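J.: Structure provided below as structure tokens; questions to follow.
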Amino acid sequence: MGEAKRKQEDFEKQIAALRISYKQVFETDDGKKVLSDLEKRCHFYHTTNIKGDSHESAYMEGQRSVLLFIKQMLLNDNEKGR
């Protein structure tokens, strides 16, 4: 097996293990409460564009991108790409 392929497989195993950790945290009752709070605080349901203030827009979009990453980690493999 080539070195690059071995590294890729190791990386994929690490991501799979990390995905399990995210699910263990956010699928508890407390985790669901925190995720719901983050959806409100991190602009999940609303635009992050602030007319005339590109810095605030970028800041808010940065918050939103973290939440989107968390939600992506919580998806099952068969839910991806929908």
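Labels used: A, B, ... for chains in the order of the structure tokens, numbers from 1 for residues in each chain, and numbers from 1 for ligands as shown.
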For A:His43, work out the shell of residues within 12 Å, counting only C-alpha atoms and skipping chain neighbours fewer than 4 positions away, then give it as a ChimeraX atom specification.
T.: /A:36-39,47-49,57,59-68
J.: Using the selection just defined, write its residues with N, CA and C atoms as a compact mmCIF listing (two decimals), in the first residue's frame.
T.:
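What follows is the written file selection.txt:
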# COMPACT_ATOMS: atom_id res chain seq x y z
N SER A 36 -29.92 23.71 19.33
CA SER A 36 -31.04 24.61 19.07
C SER A 36 -30.66 26.05 19.39
N ASP A 37 -29.97 26.25 20.50
CA ASP A 37 -29.51 27.59 20.87
C ASP A 37 -28.52 28.13 19.83
N LEU A 38 -27.60 27.29 19.39
CA LEU A 38 -26.63 27.72 18.38
C LEU A 38 -27.32 28.09 17.07
N GLU A 39 -28.37 27.37 16.71
CA GLU A 39 -29.11 27.70 15.49
C GLU A 39 -29.67 29.12 15.57
N THR A 47 -30.49 35.51 7.12
CA THR A 47 -29.36 35.97 6.32
C THR A 47 -28.28 36.59 7.20
N THR A 48 -27.06 36.50 6.74
CA THR A 48 -25.95 37.12 7.47
C THR A 48 -25.45 38.37 6.77
N ASN A 49 -26.15 38.79 5.74
CA ASN A 49 -25.75 39.98 5.00
C ASN A 49 -26.26 41.23 5.70
N SER A 57 -20.98 41.38 8.39
CA SER A 57 -21.49 40.26 7.59
C SER A 57 -20.52 39.08 7.62
N TYR A 59 -18.26 38.45 9.93
CA TYR A 59 -18.25 37.92 11.29
C TYR A 59 -19.42 36.97 11.50
N MET A 60 -20.61 37.40 11.11
CA MET A 60 -21.80 36.58 11.29
C MET A 60 -21.74 35.32 10.44
N GLU A 61 -21.21 35.43 9.23
CA GLU A 61 -21.10 34.25 8.36
C GLU A 61 -20.09 33.26 8.94
N GLY A 62 -19.06 33.76 9.61
CA GLY A 62 -18.11 32.89 10.29
C GLY A 62 -18.78 32.09 11.39
N GLN A 63 -19.65 32.74 12.16
CA GLN A 63 -20.41 32.03 13.19
C GLN A 63 -21.27 30.95 12.54
N ARG A 64 -21.94 31.32 11.48
CA ARG A 64 -22.84 30.40 10.80
C ARG A 64 -22.09 29.20 10.24
N SER A 65 -20.88 29.43 9.72
CA SER A 65 -20.12 28.34 9.10
C SER A 65 -19.73 27.28 10.13
N VAL A 66 -19.48 27.69 11.37
CA VAL A 66 -19.17 26.72 12.43
C VAL A 66 -20.38 25.83 12.68
N LEU A 67 -21.56 26.44 12.77
CA LEU A 67 -22.78 25.67 12.98
C LEU A 67 -23.04 24.73 11.80
N LEU A 68 -22.83 25.19 10.59
CA LEU A 68 -23.01 24.33 9.42
C LEU A 68 -22.06 23.14 9.46
J.: Can you list, as a list in words, every protein, DNA or RNA residue that comes within 10 Å of A:Ser21 when you count only C-alpha atoms, leaving out same-chain residues fewer than 6 positions away?
T.: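 Final neighbour list, sorted by chain and number: Ile15, Glu27, Met73 and Leu74 of chain A.
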J.: Which residue gives the smallest distance to A:Phe44 among A:Tyr22, A:Ala4, A:Ile70, A:Gln14, with only C-alpha atoms counted?
T.: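 Closest to A:Phe44, using only C-alpha atoms: A:Ile70.
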J.: Could you work out how far atom CA of A:Lys13 lies from atom CA of A:Lys32, giving the answer in Å with one decimal?
T.: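 Distance reported for this atom pair: 25.4 Å.
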J.: As a ChimeraX atom specification, please: every residue in chain A that a backbone DSSP assignment puts in alpha helix (DSSP H).
T.: /A:3-26,29-41,54-74
